[in-house]
Every structure is written in structure tokens, then in C-alpha cells.
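This is query_17.txt. It holds compact mmCIF, C-alpha atoms and all ligand atoms.
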# COMPACT_ATOMS: atom_id res chain seq x y z
CA MET A 19 11.01 -24.51 -14.51
CA SER A 20 11.02 -25.73 -18.10
CA HIS A 21 8.64 -24.10 -20.55
CA GLU A 22 5.05 -25.38 -20.20
CA ARG A 23 2.28 -25.20 -22.79
CA TRP A 24 -1.10 -26.01 -21.27
CA ILE A 25 -4.46 -26.77 -22.80
CA ILE A 26 -7.35 -26.39 -20.35
CA THR A 27 -10.65 -27.72 -21.70
CA GLY A 28 -13.82 -26.49 -19.99
CA ALA A 29 -11.91 -23.32 -19.09
CA SER A 30 -15.17 -21.35 -18.82
CA GLY A 31 -16.55 -23.78 -16.22
CA GLN A 32 -16.47 -23.26 -12.46
CA LEU A 33 -13.42 -25.47 -11.99
CA GLY A 34 -11.79 -24.09 -15.13
CA SER A 35 -12.02 -20.57 -13.71
CA HIS A 36 -10.03 -21.65 -10.63
CA VAL A 37 -7.46 -23.51 -12.71
CA LEU A 38 -6.90 -20.43 -14.86
CA TYR A 39 -6.68 -18.24 -11.76
CA GLN A 40 -3.99 -20.47 -10.25
CA LEU A 41 -2.06 -21.05 -13.47
CA HIS A 42 -2.25 -17.38 -14.37
CA PRO A 43 1.09 -16.98 -16.09
CA ASP A 44 3.10 -14.17 -14.58
CA ASP A 45 6.27 -15.17 -16.36
CA ASP A 46 7.25 -16.39 -19.78
CA ALA A 47 7.55 -20.03 -18.68
CA THR A 48 3.86 -20.89 -19.02
CA ASP A 49 1.59 -20.55 -22.04
CA ILE A 50 -2.05 -21.47 -21.71
CA CYS A 51 -4.69 -22.20 -24.31
CA ALA A 52 -8.11 -21.98 -22.63
CA TRP A 53 -10.75 -23.97 -24.51
CA THR A 54 -14.39 -23.04 -24.28
CA ARG A 55 -17.47 -23.83 -26.31
CA ASN A 56 -19.17 -20.43 -25.83
CA GLY A 57 -18.82 -19.40 -22.21
CA PRO A 58 -16.57 -16.51 -21.14
CA VAL A 59 -13.25 -17.40 -19.49
CA LEU A 60 -11.45 -15.60 -16.69
CA ARG A 61 -9.37 -12.77 -18.09
CA THR A 62 -5.72 -13.76 -18.00
CA ARG A 63 -2.86 -13.80 -20.45
CA ALA A 64 -4.21 -17.13 -21.70
CA THR A 65 -5.11 -17.57 -25.34
CA THR A 66 -8.81 -18.41 -25.68
CA ARG A 67 -9.95 -20.89 -28.32
CA ARG A 68 -13.45 -22.09 -29.17
CA VAL A 69 -13.40 -25.84 -29.57
CA ASP A 70 -16.48 -28.04 -29.66
CA LEU A 71 -15.66 -31.25 -27.83
CA ALA A 72 -18.37 -32.98 -29.88
CA ASP A 73 -16.27 -32.38 -33.01
CA PRO A 74 -13.22 -34.69 -33.23
CA ALA A 75 -11.70 -32.77 -36.14
CA GLN A 76 -11.71 -29.50 -34.14
CA ILE A 77 -10.05 -31.26 -31.21
CA ARG A 78 -7.27 -32.78 -33.31
CA HIS A 79 -6.64 -29.55 -35.14
CA ALA A 80 -6.51 -27.42 -31.97
CA VAL A 81 -4.11 -29.82 -30.21
CA ALA A 82 -1.81 -30.13 -33.23
CA ASP A 83 -1.78 -26.33 -33.50
CA TRP A 84 -0.87 -25.66 -29.86
CA GLN A 85 1.54 -28.58 -29.25
CA PRO A 86 0.82 -28.80 -25.50
CA THR A 87 3.08 -30.24 -22.81
CA HIS A 88 0.13 -30.53 -20.36
CA VAL A 89 -3.59 -31.07 -20.97
CA LEU A 90 -6.16 -30.65 -18.20
CA HIS A 91 -9.44 -32.05 -19.49
CA LEU A 92 -12.32 -30.49 -17.53
CA GLY A 93 -14.83 -29.87 -20.33
CA ALA A 94 -17.91 -32.09 -20.28
CA LEU A 95 -21.66 -32.19 -20.45
CA THR A 96 -21.90 -31.99 -16.67
CA ALA A 97 -25.62 -31.70 -15.93
CA VAL A 98 -26.94 -35.12 -14.98
CA GLY A 99 -30.38 -34.26 -16.40
CA ASP A 100 -28.91 -33.14 -19.77
CA CYS A 101 -27.03 -36.43 -20.10
CA PHE A 102 -30.20 -38.36 -19.31
CA ARG A 103 -32.29 -36.42 -21.84
CA ASP A 104 -29.69 -36.50 -24.63
CA PRO A 105 -27.50 -39.59 -24.23
CA ASP A 106 -26.10 -39.31 -27.78
CA ARG A 107 -24.82 -35.82 -27.13
CA ALA A 108 -23.41 -36.92 -23.77
CA GLU A 109 -21.63 -39.77 -25.52
CA ARG A 110 -20.19 -37.49 -28.23
CA ILE A 111 -18.87 -34.89 -25.77
CA ASN A 112 -17.94 -36.93 -22.73
CA VAL A 113 -16.74 -40.20 -24.26
CA ARG A 114 -15.69 -39.62 -27.85
CA GLY A 115 -14.39 -36.13 -27.09
CA THR A 116 -12.21 -37.52 -24.30
CA ALA A 117 -10.92 -40.43 -26.38
CA THR A 118 -10.03 -38.10 -29.27
CA LEU A 119 -8.35 -35.61 -26.97
CA ALA A 120 -6.34 -38.37 -25.26
CA GLU A 121 -5.08 -39.67 -28.59
CA ALA A 122 -4.19 -36.17 -29.81
CA ALA A 123 -2.40 -35.39 -26.53
CA ARG A 124 -0.42 -38.62 -26.77
CA ASN A 125 0.60 -37.77 -30.34
CA ALA A 126 1.79 -34.37 -29.09
CA GLY A 127 3.72 -36.00 -26.21
CA ALA A 128 1.67 -34.10 -23.57
CA ARG A 129 0.70 -35.25 -20.07
CA LEU A 130 -3.08 -35.47 -19.71
CA VAL A 131 -5.24 -35.34 -16.60
CA PHE A 132 -8.90 -36.22 -17.10
CA CYS A 133 -11.38 -34.94 -14.53
CA SER A 134 -13.79 -37.75 -13.68
CA THR A 135 -16.35 -37.97 -10.91
CA ASP A 136 -17.49 -39.84 -7.81
CA MET A 137 -20.67 -40.54 -9.83
CA VAL A 138 -18.91 -43.50 -11.46
CA PHE A 139 -20.27 -45.29 -8.35
CA ASP A 140 -23.87 -46.02 -7.37
CA GLY A 141 -23.59 -44.96 -3.73
CA THR A 142 -24.44 -48.30 -2.10
CA ALA A 143 -20.96 -49.36 -0.92
CA ALA A 144 -19.03 -46.27 0.24
CA PRO A 145 -16.33 -45.37 0.93
CA TYR A 146 -14.95 -46.11 -2.52
CA ARG A 147 -11.31 -46.77 -3.31
CA GLU A 148 -9.57 -46.53 -6.67
CA PHE A 149 -9.73 -50.26 -7.37
CA ASP A 150 -13.45 -50.66 -6.60
CA PRO A 151 -15.28 -51.50 -9.84
CA PRO A 152 -17.35 -48.61 -11.21
CA THR A 153 -21.12 -49.04 -10.83
CA PRO A 154 -22.68 -45.90 -12.36
CA SER A 155 -26.42 -45.41 -11.92
CA SER A 156 -26.85 -42.41 -14.25
CA GLN A 157 -26.17 -41.71 -17.90
CA TYR A 158 -23.68 -39.03 -16.82
CA GLY A 159 -21.82 -41.57 -14.68
CA ARG A 160 -21.83 -44.13 -17.49
CA THR A 161 -20.26 -41.66 -19.94
CA LYS A 162 -17.54 -40.83 -17.41
CA VAL A 163 -16.78 -44.53 -16.88
CA ALA A 164 -16.56 -45.07 -20.65
CA ALA A 165 -14.27 -42.04 -20.98
CA GLU A 166 -12.04 -43.34 -18.16
CA GLN A 167 -11.88 -46.70 -19.89
CA ALA A 168 -10.89 -45.13 -23.22
CA LEU A 169 -8.01 -43.38 -21.47
CA LEU A 170 -6.89 -46.38 -19.48
CA ASP A 171 -7.15 -48.73 -22.49
CA GLY A 172 -4.83 -46.38 -24.34
CA GLY A 173 -2.43 -46.71 -21.37
CA PHE A 174 -2.21 -42.97 -21.23
CA GLY A 175 -2.98 -40.20 -18.76
CA VAL A 176 -4.37 -39.74 -15.28
CA VAL A 177 -8.00 -40.27 -14.31
CA ALA A 178 -8.66 -37.97 -11.33
CA ARG A 179 -12.02 -38.72 -9.71
CA VAL A 180 -13.29 -35.55 -8.09
CA PRO A 181 -16.27 -35.43 -5.69
CA LEU A 182 -18.90 -32.72 -5.39
CA MET A 183 -17.14 -29.35 -5.49
CA ALA A 184 -18.13 -26.38 -3.35
CA GLY A 185 -17.28 -22.73 -3.77
CA MET A 186 -17.78 -19.63 -5.83
CA PRO A 187 -16.46 -19.76 -9.39
CA ARG A 188 -13.80 -17.16 -10.22
CA THR A 189 -16.09 -15.80 -12.95
CA ARG A 190 -19.73 -14.81 -12.70
CA ARG A 191 -21.28 -18.19 -13.44
CA GLU A 192 -24.50 -19.45 -11.90
CA THR A 193 -24.16 -22.86 -10.26
CA THR A 194 -26.23 -24.81 -7.75
CA PHE A 195 -23.83 -23.60 -5.05
CA THR A 196 -24.10 -19.90 -5.99
CA GLN A 197 -27.91 -20.20 -6.10
CA GLN A 198 -28.01 -21.85 -2.69
CA VAL A 199 -25.71 -19.28 -1.11
CA ALA A 200 -27.71 -16.42 -2.65
CA ALA A 201 -30.93 -17.89 -1.23
CA LEU A 202 -29.25 -18.36 2.15
CA ARG A 203 -28.12 -14.72 2.26
CA ALA A 204 -31.62 -13.57 1.23
CA GLY A 205 -33.23 -15.62 4.02
CA GLU A 206 -35.16 -17.70 1.49
CA PRO A 207 -35.80 -21.38 2.29
CA VAL A 208 -33.12 -23.77 0.99
CA ARG A 209 -34.26 -27.40 0.73
CA LEU A 210 -31.36 -29.79 1.23
CA PHE A 211 -30.94 -33.56 1.46
CA THR A 212 -29.84 -34.83 4.85
CA ASP A 213 -29.42 -38.38 3.55
CA GLU A 214 -27.14 -37.92 0.55
CA PHE A 215 -23.43 -37.96 1.40
CA ARG A 216 -20.25 -36.86 -0.36
CA THR A 217 -16.66 -36.02 0.53
CA PRO A 218 -16.73 -32.49 -0.97
CA VAL A 219 -13.71 -30.41 -1.92
CA LEU A 220 -13.27 -26.71 -2.50
CA LEU A 221 -13.01 -25.68 -6.16
CA SER A 222 -9.68 -24.03 -5.35
CA ASP A 223 -8.31 -27.23 -3.75
CA ALA A 224 -9.49 -29.39 -6.66
CA ALA A 225 -7.76 -27.00 -9.09
CA ARG A 226 -4.52 -27.12 -7.11
CA THR A 227 -4.56 -30.92 -6.96
CA LEU A 228 -5.28 -31.39 -10.67
CA ILE A 229 -2.56 -28.94 -11.68
CA GLY A 230 -0.15 -30.78 -9.36
CA LEU A 231 -1.10 -34.18 -10.81
CA ALA A 232 -0.47 -32.84 -14.31
CA ARG A 233 2.97 -31.63 -13.27
CA ASN A 234 4.15 -34.83 -11.62
CA SER A 235 4.48 -38.42 -12.67
CA ALA A 236 1.07 -39.69 -11.53
CA ASP A 237 -0.75 -42.17 -13.73
CA GLY A 238 -3.85 -44.40 -13.64
CA VAL A 239 -6.89 -43.73 -11.46
CA ILE A 240 -6.59 -41.47 -8.42
CA HIS A 241 -9.28 -40.26 -5.99
CA VAL A 242 -9.31 -36.60 -4.96
CA GLY A 243 -11.81 -36.58 -2.08
CA GLY A 244 -12.09 -34.15 0.81
CA PRO A 245 -11.47 -35.15 4.44
CA ASP A 246 -15.08 -34.94 5.65
CA ARG A 247 -18.17 -37.00 4.83
CA LEU A 248 -20.98 -34.46 4.66
CA SER A 249 -24.60 -34.38 3.55
CA ARG A 250 -25.74 -31.64 1.18
CA TYR A 251 -27.52 -30.16 4.19
CA ASP A 252 -24.25 -30.15 6.20
CA ILE A 253 -22.37 -28.38 3.41
CA ILE A 254 -24.75 -25.43 3.22
CA ALA A 255 -25.15 -25.36 7.01
CA ARG A 256 -21.36 -24.84 7.18
CA CYS A 257 -21.67 -21.95 4.74
CA ALA A 258 -24.37 -20.41 6.94
CA GLU A 259 -22.03 -20.70 9.93
CA MET A 260 -19.16 -19.11 7.99
CA LEU A 261 -21.46 -16.28 6.93
CA GLY A 262 -22.42 -15.76 10.57
CA LEU A 263 -26.14 -16.28 9.88
CA ALA A 264 -27.91 -16.83 13.20
CA ALA A 265 -31.09 -18.41 11.85
CA PRO A 266 -30.53 -19.73 8.34
CA ASN A 267 -33.67 -20.87 6.57
CA LEU A 268 -32.54 -24.45 5.91
CA VAL A 269 -35.21 -27.04 5.20
CA PRO A 270 -34.07 -30.64 5.73
CA ILE A 271 -35.49 -33.08 3.19
CA SER A 272 -34.90 -36.69 2.21
CA ARG A 273 -33.78 -37.88 -1.23
CA HIS A 274 -36.91 -40.03 -1.18
CA ASP A 275 -39.03 -36.84 -1.13
CA ILE A 276 -38.00 -35.89 -4.69
CA GLU A 277 -38.94 -37.76 -7.85
CA ALA A 278 -35.87 -38.33 -10.02
CA ALA A 279 -35.52 -39.81 -13.50
CA GLU A 280 -32.47 -41.78 -12.36
CA PRO A 281 -31.57 -43.14 -8.93
CA ARG A 282 -29.82 -40.60 -6.69
CA PRO A 283 -26.73 -42.19 -5.13
CA GLU A 284 -26.90 -42.21 -1.34
CA ASP A 285 -23.24 -42.14 -0.33
CA LEU A 286 -20.44 -41.39 -2.80
CA SER A 287 -17.70 -40.85 -0.23
CA LEU A 288 -14.25 -41.34 -1.75
CA ASP A 289 -11.33 -42.93 0.04
CA CYS A 290 -8.05 -41.55 -1.30
CA PRO A 291 -5.20 -43.86 -0.26
CA LEU A 292 -3.12 -43.24 -3.41
CA LEU A 293 -3.19 -39.46 -3.13
CA HIS A 294 -2.24 -39.61 0.55
CA ARG A 295 0.60 -42.07 -0.06
CA ARG A 296 2.05 -40.76 -3.30
CA HIS A 297 1.21 -37.05 -3.31
CA PRO A 298 0.49 -35.92 0.26
CA GLU A 299 1.21 -32.30 -0.68
CA LEU A 300 -1.77 -32.41 -3.08
CA VAL A 301 -4.37 -33.71 -0.60
CA PRO A 302 -7.37 -31.31 -0.48
CA GLY A 303 -8.26 -29.62 2.81
CA PRO A 304 -11.64 -29.23 4.54
CA LEU A 305 -14.33 -26.75 3.49
CA ARG A 306 -13.37 -23.29 4.69
CA GLY A 307 -14.30 -19.63 4.39
CA ASP A 308 -12.53 -18.89 1.12
CA MET A 309 -15.20 -20.89 -0.71
CA LEU A 310 -17.48 -17.89 -0.20
CA ILE A 311 -15.19 -15.35 -1.86
CA GLU A 312 -17.07 -13.62 -4.68
CA PRO A 313 -15.26 -13.22 -8.03
N1 LIG A 401 -19.22 -29.72 -10.42
C1 LIG A 401 -18.93 -30.76 -9.66
O1 LIG A 401 -19.26 -30.80 -8.46
C2 LIG A 401 -18.15 -31.92 -10.25
C3 LIG A 401 -17.94 -33.06 -9.46
C4 LIG A 401 -17.17 -34.10 -9.97
C5 LIG A 401 -16.60 -34.00 -11.24
N2 LIG A 401 -16.85 -32.89 -12.00
C6 LIG A 401 -16.21 -32.81 -13.31
O2 LIG A 401 -15.33 -31.71 -13.28
C7 LIG A 401 -15.22 -31.11 -14.57
C8 LIG A 401 -15.50 -29.61 -14.47
O3 LIG A 401 -16.80 -29.44 -13.92
P1 LIG A 401 -17.45 -28.00 -13.73
O4 LIG A 401 -18.44 -28.11 -12.62
O5 LIG A 401 -16.39 -26.95 -13.68
O6 LIG A 401 -18.26 -27.85 -15.10
P2 LIG A 401 -19.17 -26.66 -15.61
O7 LIG A 401 -19.06 -25.46 -14.75
O8 LIG A 401 -20.52 -27.25 -15.89
O9 LIG A 401 -18.45 -26.34 -16.99
C9 LIG A 401 -18.47 -27.26 -18.04
C10 LIG A 401 -17.43 -26.83 -19.05
O10 LIG A 401 -17.45 -27.73 -20.17
C11 LIG A 401 -17.58 -26.97 -21.34
N3 LIG A 401 -18.31 -27.70 -22.37
C12 LIG A 401 -19.52 -28.29 -22.29
N4 LIG A 401 -19.87 -28.81 -23.48
C13 LIG A 401 -18.85 -28.53 -24.33
C14 LIG A 401 -18.61 -28.77 -25.70
N5 LIG A 401 -19.48 -29.42 -26.47
N6 LIG A 401 -17.45 -28.33 -26.25
C15 LIG A 401 -16.56 -27.64 -25.51
N7 LIG A 401 -16.71 -27.38 -24.21
C16 LIG A 401 -17.86 -27.81 -23.63
C17 LIG A 401 -18.36 -25.73 -20.93
O11 LIG A 401 -18.15 -24.71 -21.91
P3 LIG A 401 -19.22 -23.49 -22.06
O12 LIG A 401 -19.15 -22.66 -20.82
O13 LIG A 401 -18.72 -22.75 -23.23
O14 LIG A 401 -20.55 -24.16 -22.26
C18 LIG A 401 -17.67 -25.42 -19.60
O15 LIG A 401 -16.46 -24.78 -19.80
C19 LIG A 401 -16.22 -31.85 -15.46
O16 LIG A 401 -15.53 -32.80 -16.22
C20 LIG A 401 -17.15 -32.54 -14.46
O17 LIG A 401 -17.69 -33.72 -15.01
C21 LIG A 401 -17.61 -31.85 -11.54
Rewrite the structure from the file as C-alpha cells, please.
Amino acid sequence: MSHERWIITGASGQLGSHVLYQLHPDDDATDICAWTRNGPVLRTRATTRRVDLADPAQIRHAVADWQPTHVLHLGALTAVGDCFRDPDRAERINVRGTATLAEAARNAGARLVFCSTDMVFDGTAAPYREFDPPTPSSQYGRTKVAAEQALLDGGFGVVARVPLMAGMPRTRRETTFTQQVAALRAGEPVRLFTDEFRTPVLLSDAARTLIGLARNSADGVIHVGGPDRLSRYDIIARCAEMLGLAAPNLVPISRHDIEAAEPRPEDLSLDCPLLHRRHPELVPGPLRGDMLIEP
């Protein structure tokens, strides 16, 4: 294997922790620079660097310094509510940060994979294929579409659209999933939509696929969906089964029961013909027990 120099943005995030775990360099052929804003990253031999994605000068400087061969861009303002409340900040981090990073990566001659989302769609016409026009219904989704466009307009990099991810992070980080599993184990009621559907993937599978896409010759938009269309209720019910809980305290609710500032997409199932045809070895598997492994 030729020498690789990776930059992982969002390395302190839940997906970033799995990417670092899998890329963990055990030889001298891989150097990793793990970018974080503040959050702690998984302990590996990676070099950690604080880079604010809202600051273009920091991005350019950090890329020029490291001279990457591969860039995996996971960092983002990911909370839908935060993007709604502060659209300027969402724009600076998610759109301008991505455009600046893409340009800097191109100047360095690196391959870039950008982690986008199924929320580029509005959920009214699933399953979605790569060539379906984006129809975001949230500020978060709109920033991801604009970031995708910046990348594609530059004719550079891979846009990997990832669905809802399930699993424990590799670091101690609180997520919706960890909260739900903790409540499940404690026998507390967990309220879950039965009428909101996704094609979820395990964090570990998403990490493996994105690393693989960065290492091969993929380009353009590619969907990275899981094999099963599941409601949020189904996902946590599967966890309860895997945990062997006889009477989990699951409370089925409808998305119409909850007031939301922005419309909640009903069905964001992703169809993934390109991944199956071009990179069958990178297709994610179904949800399985290893998603419950604690860090
Ligand atoms: N979670 C999902 O189900 C899902 C589904 C589809 C797509 N995605 C996409 O997948 C990627 C990873 O998601 P995730 O769930 O792993 O995210 P996450 O756990 O929320 O982590 C977000 C990461 O972005 C970093 N970040 C946020 N603002 C930043 C800034 N201004 N400067 C530098 N870094 C900043 C955070 O750093 P700090 O820890 O230092 O704040 C953290 O490392 C994101 O691009 C997300 O949009 C996620």
C-alpha cells in the first residue's frame, strides 16, 4: 500500500470515532490528522488538530500544512434544530466550510469524500435514487444540498449520502441512540415514531463504506443506504430484541403527535443502485448486535 495521509473532519463525532477506530494506523503507511472543534477524539496514533470549519483561513492553513492524500469530511452542524435556529452558522459551517475544504483538498491533490444525508429529500417520494432531484424540507437539508452542489460544481470529490445511523459511538458521546438504549435498559418509556421510515446503517458499516469510497475511484453522488426500510420504532425494537428484553417499554407514537418547527420527512428510504453495481464489497449490512457494543 502506498503511503496515505488522511484528514478526518468531525473526528470527535459518532461516525468519526468509528472511522478513526477502523483506520487506526498500525503501520507506518497511514498518517491521520483528526480534526475536531472541541470534542475529544478516540485515542489512536492520529495527530489531533483543532480546526473551526466556520473559519476558511484555518481550513486552508491546516490542509496546506498536512498535505493529505485523502480527506473524509464528516464535520458539520448536524442537529436539525440548531440549523433551524441559526441558519447563518449552519451556512458557514456546512456550506462554506465544505466548499473551502474541497478547494483546499483539490489544491493538495487529495481525494475527498463528503458525508451528506438522506435529508436532502423531503420524504414524499421514496425510495430515492442518486439522480432524483433534492427536495430538502429543513434548513439542515438545504445546507447539505448547497454543500453537495459546491462540490459537484467544482467537479471534484464524492458525495456519499448516508441515512440515519445506528450504534454506539467508539467514544463516550451522548447521542439520541445512546439515550434511547439507556432508557430501554432502565425500563423507562421510549416514545418512537411508527410512521417515519429510513434505511438505517450501522455506524461501523458507514465508516467502512466511506473509507472504501475514499480509497477507490468513485466520484459524483452515491447512496449508502442499509438493506431494510425501518421505522424509528422498528429500529429500537430490534435493539430490545438483541438485548433480550422480554417486555421493553416502547411507546408507539405518530409524527403528527409532535409539534415540529420544520416538516418531518415521512420516508427517506435510499435506493443504492450505484453502490451495488460499482462497489458491491462496500454495501452496508443489516442492523446487528455489534451496534450495542459499548466503547
Ligand atoms: N447521525 C446521523 O444519523 C447522520 C445521518 C446522515 C448523515 N450524517 C452526516 O454524517 C456526518 C457525521 O455525523 P455524526 O452523527 O457523526 O456527527 P456528530 O456526532 O454530531 O459530530 C459532529 C462533528 O462535527 C464537528 N463540528 C461541528 N461544528 C464544527 C465546527 N464549527 N468546526 C469543526 N468541527 C465541527 C464536531 O466537533 P466537536 O465534537 O468538537 O463539536 C463533531 O466532530 C455529518 O456530516 C452528518 O451531517 C449523519
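The closest residue to ligand LIG 401 (chain A), picked from A:Thr65, A:Ser35, A:Ser222, A:Ser272 and counting only C-alpha atoms and all ligand atoms, is A:Ser35.
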* To do: Identify which of the residues A:Leu263, A:Gln167, A:Pro151, A:Leu288 lies closest to ligand LIG 401 (chain A), counting all atoms listed in the file when measuring atom-to-atom distances.
  =>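 Nearest to ligand LIG 401 (chain A): A:Leu288.
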* **Environment of ligand LIG 401 (chain A) within 6 Å, counting only C-alpha atoms and all ligand atoms, reported as a PyMOL selection string** => chain A and resi 28-34+54-57+69-72+92-96+111+133-135+180-183
* Could you check how far atom CA of Lys162 of chain A sits from atom CA of Val138 of chain A, in Å to one decimal? =>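 If I compute the distance from atom CA of Lys162 of chain A to atom CA of Val138 of chain A, I get 6.7 Å.
Residue nearest Leu300 of chain A within the list A:Asp49, A:Asp223, A:Glu121, A:Asp171: A:Asp223 [criterion: smallest interatomic distance, all atoms listed in the file].
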